[in-house]
$ cat my_file_28.cif   # mmCIF, C-alpha atoms
data_model
#
loop_
_atom_site.label_atom_id
_atom_site.label_comp_id
_atom_site.auth_asym_id
_atom_site.auth_seq_id
_atom_site.Cartn_x
_atom_site.Cartn_y
_atom_site.Cartn_z
CA MET A 12 83.76 103.34 134.91
CA ASP A 13 81.16 106.15 135.01
CA ARG A 14 77.69 105.10 136.03
CA LEU A 15 74.98 105.37 133.42
CA PRO A 16 72.18 107.88 134.08
CA LEU A 17 68.59 106.74 134.36
CA PRO A 18 67.31 106.16 130.82
CA LEU A 19 64.47 108.70 130.93
CA GLU A 20 66.38 111.61 132.45
CA GLY A 21 65.48 114.76 130.50
CA ILE A 22 62.05 113.41 129.50
CA THR A 23 59.05 115.41 130.71
CA VAL A 24 55.65 113.79 131.06
CA VAL A 25 52.34 115.58 131.63
CA ALA A 26 49.51 113.37 132.83
CA VAL A 27 45.83 114.12 133.29
CA GLU A 28 45.18 110.90 135.13
CA GLN A 29 43.20 109.20 137.84
CA ALA A 30 42.65 105.83 139.52
CA VAL A 31 45.26 103.17 138.61
CA ALA A 32 45.88 102.45 134.92
CA ALA A 33 47.45 105.73 133.78
CA PRO A 34 49.04 106.61 137.16
CA PHE A 35 50.72 103.18 137.30
CA ALA A 36 52.14 103.75 133.79
CA THR A 37 53.51 107.19 134.59
CA ARG A 38 54.97 106.05 137.90
CA GLN A 39 57.12 103.59 135.93
CA LEU A 40 58.33 106.52 133.83
CA ALA A 41 59.11 108.55 136.95
CA ASP A 42 61.04 105.66 138.48
CA LEU A 43 63.22 105.54 135.34
CA GLY A 44 64.09 109.24 135.59
CA ALA A 45 61.32 111.12 133.81
CA ARG A 46 59.84 114.27 135.26
CA VAL A 47 56.12 113.56 135.67
CA ILE A 48 53.68 116.44 136.17
CA LYS A 49 50.36 115.13 137.46
CA VAL A 50 47.34 117.32 136.74
CA GLU A 51 44.59 116.83 139.33
CA ARG A 52 41.17 118.27 140.03
CA THR A 53 40.98 121.13 142.49
CA ASP A 54 38.14 119.44 144.42
CA GLY A 55 39.97 116.50 145.95
CA GLY A 56 42.34 115.60 143.15
CA ASP A 57 42.76 112.11 141.78
CA PHE A 58 39.83 110.21 143.29
CA ALA A 59 42.21 107.40 144.22
CA ARG A 60 43.37 109.70 147.01
CA GLY A 61 40.10 108.85 148.76
CA TYR A 62 39.99 105.07 148.32
CA ASP A 63 41.22 104.33 151.85
CA THR A 64 43.47 105.65 154.61
CA ALA A 65 45.58 102.50 155.13
CA ALA A 66 48.99 104.08 154.46
CA ARG A 67 49.22 106.11 157.65
CA GLY A 68 46.25 108.18 156.56
CA LEU A 69 46.98 108.14 152.83
CA ALA A 70 45.30 105.87 150.29
CA SER A 71 47.29 102.73 149.53
CA HIS A 72 46.45 102.84 145.81
CA PHE A 73 47.64 106.44 145.58
CA VAL A 74 50.88 105.80 147.45
CA TRP A 75 51.62 102.84 145.19
CA CYS A 76 51.00 104.61 141.87
CA ASN A 77 52.09 108.21 142.39
CA ARG A 78 55.52 108.50 143.95
CA GLY A 79 58.02 110.75 142.23
CA LYS A 80 55.46 113.08 140.64
CA GLU A 81 54.74 116.79 140.84
CA SER A 82 51.10 117.64 141.55
CA ILE A 83 49.34 120.64 140.09
CA ALA A 84 45.63 121.13 140.84
CA LEU A 85 43.62 122.84 138.09
CA ASP A 86 40.01 123.26 137.04
CA LEU A 87 40.11 122.20 133.38
CA LYS A 88 36.55 123.39 132.81
CA ASP A 89 37.87 126.94 133.15
CA PRO A 90 39.73 128.10 130.01
CA ARG A 91 42.52 129.46 132.18
CA GLY A 92 43.13 126.07 133.77
CA LEU A 93 43.08 124.36 130.38
CA ASP A 94 45.52 126.95 129.06
CA VAL A 95 48.00 126.00 131.80
CA VAL A 96 47.86 122.35 130.70
CA ARG A 97 48.41 123.36 127.08
CA ARG A 98 51.46 125.39 128.10
CA LEU A 99 52.83 122.42 130.02
CA VAL A 100 52.23 120.09 127.07
CA ALA A 101 54.03 122.47 124.69
CA ASP A 102 57.29 121.74 126.51
CA ALA A 103 56.62 118.06 127.22
CA ASP A 104 57.83 114.88 125.55
CA VAL A 105 54.92 112.69 126.64
CA PHE A 106 51.26 113.27 127.50
CA VAL A 107 49.08 110.60 129.14
CA GLN A 108 45.37 110.75 129.90
CA ASN A 109 42.70 108.32 131.06
CA LEU A 110 39.69 110.61 131.37
CA ALA A 111 36.17 109.32 130.82
CA HIS A 112 35.22 108.59 127.22
CA GLY A 113 34.91 111.80 125.19
CA ALA A 114 36.22 114.11 127.89
CA ALA A 115 39.73 114.47 126.49
CA SER A 116 38.38 115.18 122.99
CA ARG A 117 36.06 117.88 124.32
CA LEU A 118 39.05 119.52 126.00
CA GLY A 119 41.33 119.11 122.99
CA LEU A 120 43.58 116.82 125.02
CA ASP A 121 43.12 113.63 123.01
CA ALA A 122 46.22 112.09 121.46
CA ALA A 123 45.33 112.82 117.85
CA THR A 124 44.70 116.53 118.48
CA LEU A 125 47.83 117.03 120.57
CA CYS A 126 50.12 115.13 118.18
CA ALA A 127 48.84 117.17 115.24
CA ALA A 128 49.83 120.34 117.12
CA HIS A 129 53.12 118.93 118.51
CA PRO A 130 54.69 116.43 116.08
CA ARG A 131 57.43 115.33 118.51
CA LEU A 132 54.96 114.62 121.31
CA VAL A 133 54.12 111.06 122.34
CA ALA A 134 50.48 111.20 123.48
CA VAL A 135 48.74 108.28 125.14
CA ASP A 136 45.02 107.65 125.41
CA VAL A 137 44.21 104.98 128.02
CA SER A 138 40.60 103.82 127.95
CA GLY A 139 38.42 100.99 129.12
CA TYR A 140 37.31 99.59 125.79
CA GLY A 141 38.95 101.73 123.09
CA ALA A 142 37.88 104.84 121.20
CA SER A 143 35.42 103.09 118.87
CA GLY A 144 32.99 100.19 118.89
CA PRO A 145 29.76 99.60 120.83
CA TYR A 146 31.54 99.55 124.22
CA ALA A 147 33.52 102.78 123.71
CA GLY A 148 31.33 104.84 126.04
CA LYS A 149 30.78 102.12 128.64
CA ARG A 150 32.07 102.69 132.17
CA ALA A 151 35.13 100.55 132.70
CA TYR A 152 36.23 99.77 136.23
CA ASP A 153 38.75 97.05 136.87
CA MET A 154 36.42 94.31 138.09
CA LEU A 155 33.97 94.99 135.26
CA VAL A 156 36.72 94.58 132.68
CA GLN A 157 37.97 91.43 134.42
CA CYS A 158 34.49 90.03 133.80
CA GLU A 159 34.26 91.21 130.20
CA ALA A 160 37.74 89.83 129.42
CA GLY A 161 36.93 86.41 130.81
CA LEU A 162 39.52 86.49 133.60
CA VAL A 163 36.87 85.84 136.24
CA SER A 164 35.63 82.80 134.29
CA VAL A 165 38.99 81.03 134.67
CA THR A 166 39.78 82.17 138.22
CA GLY A 167 38.40 80.47 141.30
CA THR A 168 37.05 77.04 142.13
CA PRO A 169 34.81 74.75 140.08
CA GLU A 170 31.87 76.04 142.12
CA GLN A 171 32.68 79.74 142.27
CA PRO A 172 34.34 82.16 139.82
CA VAL A 173 36.24 84.99 141.53
CA LYS A 174 37.95 88.18 140.48
CA ALA A 175 41.70 88.53 140.77
CA GLY A 176 42.84 89.96 144.11
CA ILE A 177 44.72 92.77 142.36
CA PRO A 178 43.43 95.27 139.75
CA ALA A 179 44.63 93.11 136.87
CA ALA A 180 42.93 95.07 134.09
CA ASP A 181 44.31 98.38 135.35
CA ILE A 182 47.80 96.94 135.75
CA ALA A 183 47.75 95.34 132.29
CA ALA A 184 46.71 98.62 130.66
CA GLY A 185 49.26 100.56 132.69
CA MET A 186 52.11 98.31 131.68
CA TYR A 187 51.17 98.44 127.97
CA ALA A 188 50.91 102.23 128.19
CA PHE A 189 54.37 102.28 129.79
CA SER A 190 55.92 100.06 127.13
CA GLY A 191 54.04 101.93 124.41
CA VAL A 192 55.62 105.19 125.55
CA LEU A 193 59.08 103.63 125.52
CA ALA A 194 58.55 102.22 122.01
CA ALA A 195 57.26 105.56 120.71
CA LEU A 196 60.24 107.40 122.23
CA VAL A 197 62.62 104.97 120.49
CA ARG A 198 60.80 105.61 117.20
CA ARG A 199 61.01 109.36 117.79
CA GLY A 200 64.76 108.98 118.22
CA THR A 201 65.04 107.64 114.67
CA THR A 202 62.26 109.59 112.90
CA GLY A 203 61.97 112.78 114.93
CA ARG A 204 58.23 112.24 115.32
CA GLY A 205 56.25 111.10 118.32
CA GLY A 206 52.67 110.13 117.66
CA PRO A 207 49.57 108.77 119.35
CA VAL A 208 49.51 105.62 121.50
CA GLU A 209 46.21 103.91 122.30
CA VAL A 210 45.74 101.32 125.06
CA SER A 211 42.49 99.81 126.29
CA MET A 212 42.00 97.81 129.47
CA LEU A 213 39.95 95.16 127.66
CA GLU A 214 42.52 94.58 124.93
CA ALA A 215 45.41 94.57 127.41
CA LEU A 216 43.76 92.00 129.65
CA ALA A 217 42.55 89.93 126.68
CA GLU A 218 46.22 89.56 125.70
CA TRP A 219 47.01 88.30 129.19
CA LEU A 220 44.29 85.67 128.77
CA GLY A 221 46.38 84.18 125.96
CA HIS A 222 46.74 80.63 127.25
CA PRO A 223 43.11 79.93 128.20
CA LEU A 224 41.93 81.88 125.16
CA HIS A 225 43.99 79.82 122.72
CA HIS A 226 43.07 76.65 124.60
CA THR A 227 39.42 77.54 124.01
CA ILE A 228 39.43 78.81 120.43
CA HIS A 229 41.74 76.10 119.13
CA GLY A 230 40.93 73.22 121.47
CA GLY A 231 37.22 73.79 121.66
CA THR A 232 36.79 73.86 125.42
CA PRO A 233 37.79 76.42 128.07
CA PRO A 234 40.12 75.27 130.88
CA GLU A 235 38.26 74.39 134.06
CA ARG A 236 38.55 76.53 137.18
CA THR A 237 40.71 74.55 139.56
CA GLY A 238 41.48 76.84 142.50
CA LEU A 239 45.21 76.61 143.20
CA ALA A 240 45.56 73.53 141.02
CA HIS A 241 46.68 73.71 137.39
CA ALA A 242 43.99 72.88 134.84
CA VAL A 243 46.20 70.66 132.63
CA ILE A 244 49.16 69.59 134.82
CA ALA A 245 49.18 67.25 137.84
CA PRO A 246 50.31 67.29 140.53
CA TYR A 247 50.34 71.10 140.58
CA ASP A 248 48.52 72.33 143.67
CA ALA A 249 48.87 73.50 147.27
CA TYR A 250 48.89 70.91 150.06
CA PRO A 251 48.60 71.39 153.85
CA THR A 252 51.54 70.53 156.08
CA ALA A 253 51.60 69.26 159.65
CA ASP A 254 52.24 72.70 161.17
CA GLY A 255 49.36 74.49 159.47
CA GLY A 256 51.33 75.78 156.48
CA ARG A 257 50.63 75.11 152.84
CA VAL A 258 53.17 74.09 150.21
CA LEU A 259 52.62 74.42 146.48
CA LEU A 260 54.47 72.03 144.19
CA SER A 261 54.61 71.54 140.45
CA VAL A 262 55.63 68.41 138.55
CA GLN A 263 56.40 69.40 134.97
CA ASN A 264 57.45 66.08 133.45
CA ASP A 265 57.50 62.34 134.05
CA ARG A 266 61.10 62.31 135.35
CA GLU A 267 60.09 64.71 138.10
CA TRP A 268 57.11 62.53 138.95
CA ARG A 269 59.38 59.53 139.44
CA ARG A 270 61.63 61.56 141.75
CA LEU A 271 58.60 62.80 143.70
CA ALA A 272 57.31 59.25 144.09
CA GLU A 273 60.66 57.94 145.29
CA GLN A 274 62.00 60.77 147.46
CA VAL A 275 58.90 62.52 148.83
CA ILE A 276 55.97 60.10 148.70
CA GLU A 277 58.48 57.29 149.37
CA ARG A 278 56.69 54.86 147.10
CA PRO A 279 59.03 54.45 144.12
CA GLU A 280 56.74 51.90 142.44
CA LEU A 281 54.29 54.72 141.67
CA GLY A 282 56.79 56.25 139.27
CA ALA A 283 56.15 53.55 136.67
CA ASP A 284 52.53 52.85 137.53
CA PRO A 285 50.47 53.30 134.32
CA ALA A 286 47.87 55.25 136.30
CA PHE A 287 50.44 57.96 137.08
CA ALA A 288 53.41 57.55 134.71
CA THR A 289 52.37 60.27 132.25
CA ASN A 290 50.92 63.73 132.80
CA ALA A 291 47.74 62.79 130.93
CA ALA A 292 47.29 59.81 133.24
CA ARG A 293 47.96 61.92 136.31
CA VAL A 294 45.41 64.55 135.26
CA ALA A 295 42.85 61.78 134.66
CA ASN A 296 43.60 60.46 138.15
CA ARG A 297 43.99 63.85 139.82
CA ALA A 298 42.01 62.88 142.95
CA ARG A 299 44.23 59.87 143.61
CA ILE A 300 47.38 61.93 142.93
CA ASP A 301 46.26 64.65 145.34
CA ASP A 302 45.55 62.07 148.01
CA LEU A 303 49.03 60.51 147.64
CA VAL A 304 50.87 63.83 147.69
CA GLY A 305 48.64 65.31 150.36
CA THR A 306 49.15 62.37 152.70
CA ALA A 307 52.94 62.55 152.32
CA LEU A 308 53.14 66.29 152.98
CA ALA A 309 50.64 66.25 155.82
CA ALA A 310 53.17 64.26 157.85
CA LEU A 311 55.85 66.95 157.45
CA GLY A 312 56.31 70.47 158.72
CA CYS A 313 56.36 73.20 156.10
CA ASP A 314 60.13 73.73 156.23
CA GLU A 315 60.82 70.01 156.11
CA ALA A 316 58.43 69.52 153.17
CA LEU A 317 60.08 72.30 151.21
CA ALA A 318 63.56 70.92 151.98
CA ARG A 319 62.58 67.45 150.81
CA LEU A 320 61.01 68.79 147.61
CA GLU A 321 64.04 70.94 146.87
CA ALA A 322 66.37 67.96 147.41
CA ALA A 323 64.28 65.97 144.93
CA GLY A 324 64.49 68.77 142.35
CA ILE A 325 60.76 69.50 142.49
CA ALA A 326 59.61 73.10 141.95
CA CYS A 327 57.89 74.28 145.11
CA ALA A 328 56.84 77.33 147.07
CA ARG A 329 55.42 78.36 150.42
CA LEU A 330 51.91 79.82 150.30
CA ARG A 331 52.49 83.23 151.90
CA ASP A 332 50.19 86.04 152.94
CA LEU A 333 51.00 89.70 152.35
CA SER A 334 52.62 90.21 155.74
CA GLU A 335 54.96 87.35 154.91
CA LEU A 336 55.66 88.92 151.51
CA ALA A 337 56.65 92.14 153.27
CA GLY A 338 59.23 90.14 155.23
CA HIS A 339 60.25 87.85 152.38
CA PRO A 340 63.87 86.74 152.84
CA GLN A 341 64.62 86.99 149.12
CA LEU A 342 63.52 90.61 148.93
CA ALA A 343 65.56 91.37 152.05
CA ALA A 344 68.64 89.57 150.74
CA ARG A 345 68.47 91.53 147.48
CA ASP A 346 67.94 94.83 149.34
CA ARG A 347 64.73 95.65 147.47
CA TRP A 348 63.10 97.87 150.10
CA ARG A 349 63.46 101.65 150.24
CA GLU A 350 61.67 104.55 151.92
CA VAL A 351 59.87 107.29 150.02
CA GLY A 352 58.75 110.61 151.39
CA SER A 353 55.08 111.58 151.67
CA PRO A 354 52.89 114.18 153.37
CA VAL A 355 52.72 111.82 156.38
CA GLY A 356 56.42 111.00 156.53
CA PRO A 357 58.53 108.14 155.13
CA LEU A 358 56.77 105.04 153.77
CA ARG A 359 58.23 101.67 152.78
CA ALA A 360 58.20 100.88 149.07
CA LEU A 361 59.71 98.26 146.82
CA LEU A 362 62.27 99.12 144.20
CA PRO A 363 60.69 98.69 140.75
CA PRO A 364 61.42 95.29 139.19
CA ILE A 365 63.39 96.79 136.28
CA THR A 366 66.99 96.76 137.45
CA LEU A 367 69.68 98.43 135.33
CA PRO A 368 73.08 97.27 136.64
CA GLY A 369 75.84 99.80 136.15
CA GLY A 370 73.42 102.70 136.21
CA ASP A 371 71.76 104.93 138.74
CA GLU A 372 69.19 103.35 141.00
CA ALA A 373 65.53 103.98 140.24
CA ARG A 374 64.41 107.43 141.28
CA MET A 375 61.79 106.75 143.94
CA GLY A 376 60.57 110.25 144.66
CA ASP A 377 58.07 111.50 147.20
CA VAL A 378 54.32 110.95 147.09
CA PRO A 379 52.97 114.47 146.49
CA ALA A 380 50.28 116.30 148.37
CA LEU A 381 47.44 117.60 146.21
CA GLY A 382 48.62 120.79 144.51
CA GLN A 383 52.02 120.65 146.18
CA HIS A 384 53.75 122.01 143.05
CA THR A 385 50.99 124.25 141.70
CA GLY A 386 52.70 127.56 142.41
CA ALA A 387 56.09 126.53 141.04
CA LEU A 388 54.59 125.07 137.88
CA LEU A 389 52.43 128.13 137.21
CA ARG A 390 55.50 130.31 137.46
CA ALA A 391 57.41 127.88 135.23
CA VAL A 392 54.90 128.36 132.39
CA GLY A 393 55.36 132.12 132.57
CA MET A 394 52.46 133.29 134.69
CA THR A 395 52.83 136.49 136.64
CA ASP A 396 52.17 136.80 140.35
CA ALA A 397 48.95 138.68 139.58
CA GLU A 398 47.73 135.95 137.22
CA ILE A 399 48.58 133.26 139.76
CA ALA A 400 46.77 135.15 142.49
CA ALA A 401 43.69 135.41 140.27
CA LEU A 402 43.69 131.69 139.56
CA ARG A 403 43.88 130.97 143.26
CA ARG A 404 41.20 133.51 144.15
CA ASP A 405 38.81 132.09 141.53
CA GLY A 406 39.41 128.46 142.45
CA VAL A 407 40.94 127.62 139.06
CA ALA A 408 44.11 126.41 140.75
CA ALA A 409 44.63 124.91 144.19
CA TRP A 410 47.60 124.61 146.50
CA ALA A 411 48.56 122.00 149.05
CA ARG A 412 47.41 122.82 152.55
CA ALA A 413 50.19 124.10 154.77
#
$ encode --input "my_file_28.cif" --output "structure tokens"
Amino acid sequence: MDRLPLPLEGITVVAVEQAVAAPFATRQLADLGARVIKVERTDGGDFARGYDTAARGLASHFVWCNRGKESIALDLKDPRGLDVVRRLVADADVFVQNLAHGAASRLGLDAATLCAAHPRLVAVDVSGYGASGPYAGKRAYDMLVQCEAGLVSVTGTPEQPVKAGIPAADIAAGMYAFSGVLAALVRRGTTGRGGPVEVSMLEALAEWLGHPLHHTIHGGTPPERTGLAHAVIAPYDAYPTADGGRVLLSVQNDREWRRLAEQVIERPELGADPAFATNAARVANRARIDDLVGTALAALGCDEALARLEAAGIACARLRDLSELAGHPQLAARDRWREVGSPVGPLRALLPPITLPGGDEARMGDVPALGQHTGALLRAVGMTDAEIAALRRDGVAAWARA
């Protein structure tokens, strides 16, 4: 049977993007076969290029969010640079931007303006707080939005709130922008019209706060911060093992508690003890539960503890660091690692988590150098050699360094 092509082959995306939210969205589109043209500033490009040098001299954020794209470097404050973007958009299916509030409108690159000019275009505005309201013009970096959305208030220990260790607000907005593009393309397939898509970091992350939010607005009290423990389930926490490891386990119902008491704690009488027999009782007696489970696991090595929990049918996991994730046996067994090209040579990268059996594998293209595709793209929009030379001479367009 013939293999299916990637679902977004033939789709062209133009993105005036920076940082994480929009680049993460368009990278998903590139992985699924779309051609993504990334418009960057001439003076350093996407500022995420300068966040760090951890990826063999390249920035880890940039490597993560920008593989498989073509980079063109333009000065959009110059009418000639803006004209190039408009020519690119005229032939595109999707446009994505996450410029500072008001900047896209001043350039005529906001979704409403572009969709009015190009009815089949899907145009996405990604913002921090949305286009209207008192926070519309407020600076919106990931950690700030984590605070405004309440994520920090439910993350951490009873004594100390902490931010998430990943850019959760950026990722949430990026994934809703990605799915919004897909939904709008499906609608275009039936109506012939694209249309604007709006995504804000605050609204995306507020949706992800669904459980604690509903717990608060309907139950009257916010869940407590409990570190690695679960606020309303016990035992559900990480416990040290004899060899210095930590094992996380989760008991979801009273049957599992009885099995844990008999086969792991080795005190079967605890299964029916009124102090522990129901989840509500276990939560009320969390300190005693943690002491019982912790004592049992502290006598075992990590591998032995996991084996005993698995045999008892108790959900469990090893607390891993990022180096251990990079060597995770499940990722290796499922062949999830690939290499992508970059200006500094091949770099390891994970296949995207959307797998389409029976079709082509995700297109994990190279990480581009700043302006690597400027010349080719200028010629593609019909510019003459003389016009291209003038843009280069005047600093309106920039090329990758040889």
$ residues_around --input "my_file_28.cif" --residues "region 294-301 of chain A" --least-positions-apart "5" --cutoff "10 Å" --atoms "all atoms listed in the file" --output "list in words"
Ala240, His241, Ala242, Val243, Ile244, Ala245, Pro246, Tyr247, Asp248, Ala249, Tyr250, Ala286, Phe287, Thr289, Thr306 and Ala307 of chain A
$ write_last_selection --input "my_file_28.cif" --atoms "C-alpha atoms" --output "short mmCIF file (atom, residue, chain, number, x, y, z; two decimals), in the frame of the given file"
data_model
loop_
_atom_site.label_atom_id
_atom_site.label_comp_id
_atom_site.auth_asym_id
_atom_site.auth_seq_id
_atom_site.Cartn_x
_atom_site.Cartn_y
_atom_site.Cartn_z
CA ALA A 240 45.56 73.53 141.02
CA HIS A 241 46.68 73.71 137.39
CA ALA A 242 43.99 72.88 134.84
CA VAL A 243 46.20 70.66 132.63
CA ILE A 244 49.16 69.59 134.82
CA ALA A 245 49.18 67.25 137.84
CA PRO A 246 50.31 67.29 140.53
CA TYR A 247 50.34 71.10 140.58
CA ASP A 248 48.52 72.33 143.67
CA ALA A 249 48.87 73.50 147.27
CA TYR A 250 48.89 70.91 150.06
CA ALA A 286 47.87 55.25 136.30
CA PHE A 287 50.44 57.96 137.08
CA THR A 289 52.37 60.27 132.25
CA THR A 306 49.15 62.37 152.70
CA ALA A 307 52.94 62.55 152.32
#
$ resolve_selection --input "my_file_28.cif" --expression "the PyMOL selection byres ((chain A and resi 256) around 9)" --output "VMD selection string"
chain A and resid 250 to 255 257 to 258 312 to 313 329 to 331
$ resolve_selection --input "my_file_28.cif" --expression "the PyMOL selection byres ((chain A and resi 378) around 8)" --output "list in words"
Val74, Asn77, Arg78, Gly79, Lys80, Val351, Gly352, Ser353, Pro354, Gly376, Asp377, Pro379 and Ala380 of chain A
$ write_last_selection --input "my_file_28.cif" --atoms "C-alpha atoms" --output "compact mmCIF listing (two decimals), keeping the file's coordinate frame"
# COMPACT_ATOMS: atom_id res chain seq x y z
CA VAL A 74 50.88 105.80 147.45
CA ASN A 77 52.09 108.21 142.39
CA ARG A 78 55.52 108.50 143.95
CA GLY A 79 58.02 110.75 142.23
CA LYS A 80 55.46 113.08 140.64
CA VAL A 351 59.87 107.29 150.02
CA GLY A 352 58.75 110.61 151.39
CA SER A 353 55.08 111.58 151.67
CA PRO A 354 52.89 114.18 153.37
CA GLY A 376 60.57 110.25 144.66
CA ASP A 377 58.07 111.50 147.20
CA PRO A 379 52.97 114.47 146.49
CA ALA A 380 50.28 116.30 148.37
$ residues_around --input "my_file_28.cif" --residues "Ala179 (chain A)" --least-positions-apart "4" --cutoff "12 Å" --atoms "all atoms listed in the file" --output "list of chain:residue names"
A:Val31, A:Ala32, A:Phe35, A:Tyr152, A:Asp153, A:Met154, A:Leu155, A:Val156, A:Gln157, A:Cys158, A:Ala160, A:Gly161, A:Leu162, A:Val163, A:Lys174, A:Ala175, A:Ala183, A:Ala184, A:Gly185, A:Met186, A:Met212, A:Leu213, A:Ala215, A:Leu216, A:Ala217, A:Glu218, A:Trp219, A:Leu220
$ resolve_selection --input "my_file_28.cif" --expression "the PyMOL selection byres ((chain A and resi 23) around 7)" --output "list in words"
Gly21, Ile22, Val24, Val25, Ala45, Arg46, Val47, Ala103, Asp104 and Val105 of chain A
$ atom_distance --input "my_file_28.cif" --atom1 "CA of Glu267 (chain A)" --atom2 "CA of Gly282 (chain A)"
9.2 Å
$ residues_near_point --input "my_file_28.cif" --point "(39.6, 122.5, 144.9)" --cutoff "6 Å" --atoms "all atoms listed in the file" --output "list in words"
Thr53, Asp54 and Ala409 of chain A
$ closest_residue --input "my_file_28.cif" --among "A:Arg403, A:His112, A:Arg38, A:Arg319" --to "Gly92 (chain A)" --atoms "only C-alpha atoms"
A:Arg403
$ closest_atom_pairs --input "my_file_28.cif" --of "region 202-295 of chain A" --to "region 117-125 of chain A" --cutoff "8 Å" --atoms "all atoms listed in the file" --output "Markdown table"
| residue | atom | partner | partner_atom | distance |
| --- | --- | --- | --- | --- |
| A:Gly206 | CA | A:Ala122 | CA | 7.7 |
| A:Pro207 | CA | A:Ala122 | CA | 5.2 |
| A:Val208 | CA | A:Ala122 | CA | 7.3 |
$ atom_distance --input "my_file_28.cif" --atom1 "CA of Ala337 (chain A)" --atom2 "CA of Arg236 (chain A)"
28.8 Å
$ decode --input "my_file_28.cif" --residues "region 192-210 of chain A" --atoms "N, CA and C atoms" --output "compact mmCIF listing (two decimals), in the first residue's frame"
# COMPACT_ATOMS: atom_id res chain seq x y z
N VAL A 192 -4.62 26.75 13.72
CA VAL A 192 -4.30 26.72 12.29
C VAL A 192 -4.91 25.48 11.63
N LEU A 193 -4.75 24.33 12.26
CA LEU A 193 -5.28 23.10 11.67
C LEU A 193 -6.79 23.19 11.53
N ALA A 194 -7.48 23.70 12.56
CA ALA A 194 -8.94 23.82 12.50
C ALA A 194 -9.35 24.79 11.39
N ALA A 195 -8.64 25.91 11.27
CA ALA A 195 -8.99 26.89 10.24
C ALA A 195 -8.73 26.34 8.84
N LEU A 196 -7.69 25.54 8.68
CA LEU A 196 -7.43 24.92 7.37
C LEU A 196 -8.52 23.92 7.02
N VAL A 197 -9.02 23.17 8.00
CA VAL A 197 -10.14 22.25 7.75
C VAL A 197 -11.36 23.05 7.32
N ARG A 198 -11.65 24.14 8.03
CA ARG A 198 -12.80 24.98 7.65
C ARG A 198 -12.61 25.56 6.25
N ARG A 199 -11.38 25.97 5.92
CA ARG A 199 -11.15 26.49 4.57
C ARG A 199 -11.43 25.44 3.52
N GLY A 200 -11.14 24.18 3.85
CA GLY A 200 -11.40 23.10 2.91
C GLY A 200 -12.87 22.93 2.57
N THR A 201 -13.74 23.34 3.49
CA THR A 201 -15.18 23.20 3.23
C THR A 201 -15.84 24.50 2.79
N THR A 202 -15.27 25.65 3.18
CA THR A 202 -15.88 26.94 2.85
C THR A 202 -15.10 27.75 1.82
N GLY A 203 -13.82 27.40 1.64
CA GLY A 203 -12.98 28.19 0.75
C GLY A 203 -12.40 29.43 1.37
N ARG A 204 -12.72 29.68 2.64
CA ARG A 204 -12.24 30.89 3.31
C ARG A 204 -11.37 30.53 4.51
N GLY A 205 -10.32 31.32 4.69
CA GLY A 205 -9.46 31.12 5.85
C GLY A 205 -10.00 31.86 7.05
N GLY A 206 -9.35 32.96 7.40
CA GLY A 206 -9.86 33.78 8.49
C GLY A 206 -8.87 33.95 9.61
N PRO A 207 -9.14 34.92 10.49
CA PRO A 207 -8.23 35.19 11.61
C PRO A 207 -8.31 34.12 12.69
N VAL A 208 -7.20 33.94 13.39
CA VAL A 208 -7.12 33.09 14.58
C VAL A 208 -6.42 33.93 15.66
N GLU A 209 -7.01 34.00 16.84
CA GLU A 209 -6.41 34.75 17.93
C GLU A 209 -6.11 33.81 19.09
N VAL A 210 -4.91 33.89 19.63
CA VAL A 210 -4.50 33.08 20.79
C VAL A 210 -3.74 33.98 21.75
